[in-house]
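A short worksheet on the structure shown next.
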There are 2 protein chains.
Amino acid sequence: MGFLEKLEERQRKTKAILCVGLDPDVEKMPRNIATGPHPLYEFCRRIVEATAEYAAAFKPNLAFFESTGSDGIQQLERLMADIPNDIPVIIDAKRGDIGNTARHYAEFVFGHLGGDAATVNPFLGRDSLEPFFDYPDKVPFVLCLTSNPGSADIQMVASGEQRIYQKIILLLRRFKKPCGLVVGARHAQLLENVRSMANDWPILIPGVGAQGGELEASVRAGTADGTCPAVVNVSRAVIYASTDDGDFAEAAAAKARWYAEEMAKALTGGKPKS
Amino acid sequence: MGFLEKLEERQRKTKAILCVGLDPDVEKMPRNIATGPHPLYEFCRRIVEATAEYAAAFKPNLAFFESTGSDGIQQLERLMADIPNDIPVIIDAKRGDIGNTARHYAEFVFGHLGGDAATVNPFLGRDSLEPFFDYPDKVPFVLCLTSNPGSADIQMVASGEQRIYQKIILLLRRFKKPCGLVVGARHAQLLENVRSMANDWPILIPGVGAQGGELEASVRAGTADGTCPAVVNVSRAVIYASTDDGDFAEAAAAKARWYAEEMAKALTGGKPKS
């Protein structure tokens, strides 16, 4: 099943548009796990198990696995095999290069790891994106507008009538294939603008939770009031809800449930709890 | 010893500014190696051994190792231990992300792999670059202007008086730390423009060889006629000079020597052989 169908089915089942970000950091996880064998795998495995019923998608962040080299990547390979098949996985890769190099990156995220989708960096332009469109059923989520201060340096730069992030959307439309966008939650008004340009493409919205983006406004703008697909990613606020060895997984599940419910309320127009 | 000192010493010793790009592809390497154990490692080890005396630097391209996952990264880890200590290594990573994620990427390339330098993608702006400046003696090479068709889509876009690639250079100057730039060889005139804005920063120039960039013009523009540091990368034209199991390493060495000599001539003003 392709990413889009998998996501649609999952969202129908869970009523949720929560994406749980897997950023395993031994400095932040419970001590017993951090000091035990395969801490990245063990931590994420427990988080996945505990939060799966509230998750529309999971998003493993490659940086946290590759920082320990082949050992970390091996733990990710194990984790990928454990994630239930009906939950779409977005590999947070932010890769971008040209020609044969780009093809090898696409092969890593879609082929070797088996991700259903992956984040991609568009800085090298059209030909750097092509290989990520060559996998039927897989979807690239192209970085469009992030919520960090540095988004002003390139993404928000205006040229003529358009800003760079708008030019990227126009470029992607030329591929005439399913495509996703990454748009930070701190830009709820800009999210509306992206939504209006991006047809019915899925949008991945990071920046809620620890990064402080507004949940309700993001959900409404990102989904065009529930009519278009989006997933809202929360990483740290869910997975590090508790650092206690005894209850960290339960605490993560409770947080995931809370976020999923708030997102569902925002979608159906109910008032979120403050 | 820091990257810049290592490079300077190496360039004095070899008289060369050739960077040998390590893009190991089992589809292209000699058959005996491709079908044997640890092909990425074995192929690169032989190439490194054969070309070291002509190489001012080596540039392993992460995509070609990670496309086979932990096994490929493990072969890269072995390779890194084999590269002579006095030859600087630029990890071709093109990573770019924010906050703690960026710190983990920097830790991978500079800490875990022990690269002396690494290529970095600036699309997420100032705060995404910071962690790569936090390693004393290590140097980030920031993507500035590439030579592929897609460089028109973002890098060459004009805003007011400046194009995006020029804005990136101005942004990098604010860090007041040693920094490198990646500028494609097909832009020899633009290379002059970059050189004039980039103080005495080192420039990594890909696109010579298989990608067809002009060697002499690139060398002169990139080094400001030999007064500033640069390395000119050649990957495929050196490492796949022959695909014969018997002589591929010798063929690569001969090609590396040819490129190194042509670059040395361009630097001293001699006419390159056609």
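Chain labels A, B, ... are given in the sequence in which chains occur in the structure tokens; within each chain residues are numbered consecutively from 1, and ligands are likewise numbered from 1 in the order shown.
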
DSSP strand (DSSP E or B) residues within stretch 156-231 of chain A, listed as a list in words: Ala158, Ser159, Gln162, Arg163, Gly180, Leu181, Val182, Val183, Ile203, Leu204, Ile205, Val208, Gly213, Ala230 and Val231 of chain A

Okay, now the selection with C-alpha atoms, as a tab-separated table (two decimals), in the first residue's frame?
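Full text of part.tsv as output:
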```tsv
chain	number	residue	atom	x	y	z
A	158	ALA	CA	11.61	37.50	-1.59
A	159	SER	CA	12.38	37.63	-5.29
A	162	GLN	CA	7.45	35.34	-4.58
A	163	ARG	CA	9.44	34.11	-1.66
A	180	GLY	CA	4.66	16.32	0.62
A	181	LEU	CA	5.86	19.54	2.22
A	182	VAL	CA	7.47	20.30	5.57
A	183	VAL	CA	6.11	23.51	7.08
A	203	ILE	CA	1.93	18.53	4.90
A	204	LEU	CA	4.24	17.49	7.72
A	205	ILE	CA	4.07	20.08	10.49
A	208	VAL	CA	4.44	21.74	18.09
A	213	GLY	CA	4.02	26.14	17.91
A	230	ALA	CA	-1.48	16.58	7.22
A	231	VAL	CA	0.44	15.14	10.12
```

At most 8 Å to chain B: residues in chain A, only C-alpha atoms, as a PyMOL selection string: chain A and resi 61+63-64+66-74+77+94-98+101-102+104-105+107-109+112-113+121-128+146+148-155+157-160+164+167-168+171

Nearby residues (only C-alpha atoms) at most 9 Å from stretch 26-35 of chain A, same-chain spacing under 2 positions excluded, as a ChimeraX atom specification: /A:24,37-40,42-43,239-240,242-246,248

A:Phe175, A:Gly21, A:Val238, A:Gly115 ranked by distance to A:Ala81, top pick (using only C-alpha atoms):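 Of A:Phe175, A:Gly21, A:Val238, A:Gly115, the one nearest A:Ala81, counting only C-alpha atoms, is A:Gly115.
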
Residues near A:Asp116, cut-off 7 Å, only C-alpha atoms, skip fewer than 5 positions along chain, as an NGL selection string: :A and (3 or 88-90 or 110 or 138-139)

Atom CA of B:Glu192 to atom CA of B:Gly222, distance in Å rounded to a single decimal: 6.7 Å

Coordinates-based distance that separates atom CA of B:Asp86 from atom CA of B:Asn199 (Å, one decimal): 25.4 Å

Residue neighbourhood stretch 51-53 of chain B, 7 Å, only C-alpha atoms, exclusion window fewer than 3 positions, as JSON, numbers by chain: {"B": [14, 47, 48, 252, 253, 256]}

Store the residues of this selection in a file with C-alpha atoms, as a JSON list (two decimals), in the first residue's frame.
```
[["chain", "number", "residue", "atom", "x", "y", "z"],
["B", 14, "THR", "CA", 52.35, 17.18, -3.13],
["B", 47, "ILE", "CA", 42.14, 3.63, -4.53],
["B", 48, "VAL", "CA", 43.43, 5.49, -1.47],
["B", 252, "ALA", "CA", 43.37, 5.51, -11.02],
["B", 253, "ALA", "CA", 46.86, 6.50, -9.89],
["B", 256, "ALA", "CA", 45.16, 11.21, -10.33]]
```

Expected answer as a PyMOL selection string: helix (DSSP H, G or I) residues in stretch 85-168 of chain A: chain A and resi 99-112+126-133+149-152+164-168

Pull N, CA and C atoms from the residues just selected and write them as an mmCIF file, in the first residue's frame.
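Produced file part13.cif, reproduced below:
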```cif
data_model
loop_
_atom_site.group_PDB
_atom_site.id
_atom_site.type_symbol
_atom_site.label_atom_id
_atom_site.label_comp_id
_atom_site.auth_asym_id
_atom_site.auth_seq_id
_atom_site.Cartn_x
_atom_site.Cartn_y
_atom_site.Cartn_z
ATOM 1 N N GLY A 99 22.375 13.840 -9.045
ATOM 2 C CA GLY A 99 22.710 12.660 -9.851
ATOM 3 C C GLY A 99 22.707 11.354 -9.097
ATOM 4 N N ASN A 100 23.782 10.624 -9.312
ATOM 5 C CA ASN A 100 23.920 9.298 -8.754
ATOM 6 C C ASN A 100 23.944 9.318 -7.222
ATOM 7 N N THR A 101 24.458 10.404 -6.651
ATOM 8 C CA THR A 101 24.485 10.535 -5.192
ATOM 9 C C THR A 101 23.064 10.601 -4.640
ATOM 10 N N ALA A 102 22.231 11.424 -5.268
ATOM 11 C CA ALA A 102 20.840 11.522 -4.826
ATOM 12 C C ALA A 102 20.138 10.174 -4.944
ATOM 13 N N ARG A 103 20.446 9.439 -6.022
ATOM 14 C CA ARG A 103 19.830 8.118 -6.182
ATOM 15 C C ARG A 103 20.224 7.181 -5.040
ATOM 16 N N HIS A 104 21.472 7.284 -4.596
ATOM 17 C CA HIS A 104 21.885 6.439 -3.469
ATOM 18 C C HIS A 104 21.192 6.853 -2.165
ATOM 19 N N TYR A 105 20.979 8.144 -1.974
ATOM 20 C CA TYR A 105 20.241 8.575 -0.773
ATOM 21 C C TYR A 105 18.797 8.068 -0.813
ATOM 22 N N ALA A 106 18.161 8.175 -1.995
ATOM 23 C CA ALA A 106 16.781 7.686 -2.120
ATOM 24 C C ALA A 106 16.726 6.182 -1.862
ATOM 25 N N GLU A 107 17.733 5.473 -2.362
ATOM 26 C CA GLU A 107 17.790 4.033 -2.146
ATOM 27 C C GLU A 107 17.923 3.710 -0.657
ATOM 28 N N PHE A 108 18.683 4.519 0.063
ATOM 29 C CA PHE A 108 18.842 4.292 1.511
ATOM 30 C C PHE A 108 17.493 4.431 2.237
ATOM 31 N N VAL A 109 16.815 5.554 2.033
ATOM 32 C CA VAL A 109 15.605 5.808 2.827
ATOM 33 C C VAL A 109 14.405 4.972 2.379
ATOM 34 N N PHE A 110 14.230 4.820 1.066
ATOM 35 C CA PHE A 110 13.055 4.089 0.567
ATOM 36 C C PHE A 110 13.343 2.604 0.360
ATOM 37 N N GLY A 111 14.528 2.291 -0.143
ATOM 38 C CA GLY A 111 14.860 0.903 -0.430
ATOM 39 C C GLY A 111 15.357 0.198 0.819
ATOM 40 N N HIS A 112 16.545 0.544 1.243
ATOM 41 C CA HIS A 112 17.167 -0.180 2.354
ATOM 42 C C HIS A 112 16.355 -0.089 3.650
ATOM 43 N N ARG A 126 15.845 21.197 -8.944
ATOM 44 C CA ARG A 126 14.987 20.178 -9.573
ATOM 45 C C ARG A 126 15.627 18.812 -9.744
ATOM 46 N N ASP A 127 16.850 18.752 -10.284
ATOM 47 C CA ASP A 127 17.417 17.434 -10.565
ATOM 48 C C ASP A 127 17.804 16.683 -9.295
ATOM 49 N N SER A 128 17.994 17.421 -8.199
ATOM 50 C CA SER A 128 18.313 16.744 -6.932
ATOM 51 C C SER A 128 17.065 16.068 -6.353
ATOM 52 N N LEU A 129 15.889 16.515 -6.764
ATOM 53 C CA LEU A 129 14.642 15.965 -6.217
ATOM 54 C C LEU A 129 14.137 14.744 -6.989
ATOM 55 N N GLU A 130 14.471 14.705 -8.270
ATOM 56 C CA GLU A 130 13.937 13.656 -9.148
ATOM 57 C C GLU A 130 14.022 12.229 -8.587
ATOM 58 N N PRO A 131 15.197 11.801 -8.108
ATOM 59 C CA PRO A 131 15.293 10.397 -7.674
ATOM 60 C C PRO A 131 14.303 10.028 -6.571
ATOM 61 N N PHE A 132 13.876 11.022 -5.803
ATOM 62 C CA PHE A 132 12.938 10.739 -4.718
ATOM 63 C C PHE A 132 11.504 10.576 -5.221
ATOM 64 N N PHE A 133 11.267 10.966 -6.459
ATOM 65 C CA PHE A 133 9.950 10.763 -7.063
ATOM 66 C C PHE A 133 9.876 9.448 -7.841
ATOM 67 N N PRO A 149 14.796 30.445 13.571
ATOM 68 C CA PRO A 149 15.186 31.802 13.154
ATOM 69 C C PRO A 149 15.835 31.836 11.769
ATOM 70 N N GLY A 150 16.643 30.819 11.460
ATOM 71 C CA GLY A 150 17.350 30.786 10.183
ATOM 72 C C GLY A 150 16.453 30.636 8.962
ATOM 73 N N SER A 151 15.168 30.392 9.163
ATOM 74 C CA SER A 151 14.265 30.303 8.009
ATOM 75 C C SER A 151 14.206 31.636 7.261
ATOM 76 N N ALA A 152 14.593 32.710 7.944
ATOM 77 C CA ALA A 152 14.629 34.031 7.290
ATOM 78 C C ALA A 152 15.752 34.127 6.258
ATOM 79 N N ILE A 164 11.169 32.418 -1.618
ATOM 80 C CA ILE A 164 11.783 31.147 -2.026
ATOM 81 C C ILE A 164 10.882 29.953 -1.708
ATOM 82 N N TYR A 165 10.234 29.947 -0.549
ATOM 83 C CA TYR A 165 9.417 28.769 -0.206
ATOM 84 C C TYR A 165 8.255 28.613 -1.191
ATOM 85 N N GLN A 166 7.775 29.721 -1.736
ATOM 86 C CA GLN A 166 6.701 29.644 -2.737
ATOM 87 C C GLN A 166 7.234 29.138 -4.078
ATOM 88 N N LYS A 167 8.437 29.578 -4.408
ATOM 89 C CA LYS A 167 9.062 29.084 -5.645
ATOM 90 C C LYS A 167 9.255 27.567 -5.585
ATOM 91 N N ILE A 168 9.573 27.072 -4.385
ATOM 92 C CA ILE A 168 9.768 25.626 -4.223
ATOM 93 C C ILE A 168 8.462 24.880 -4.504
#
```
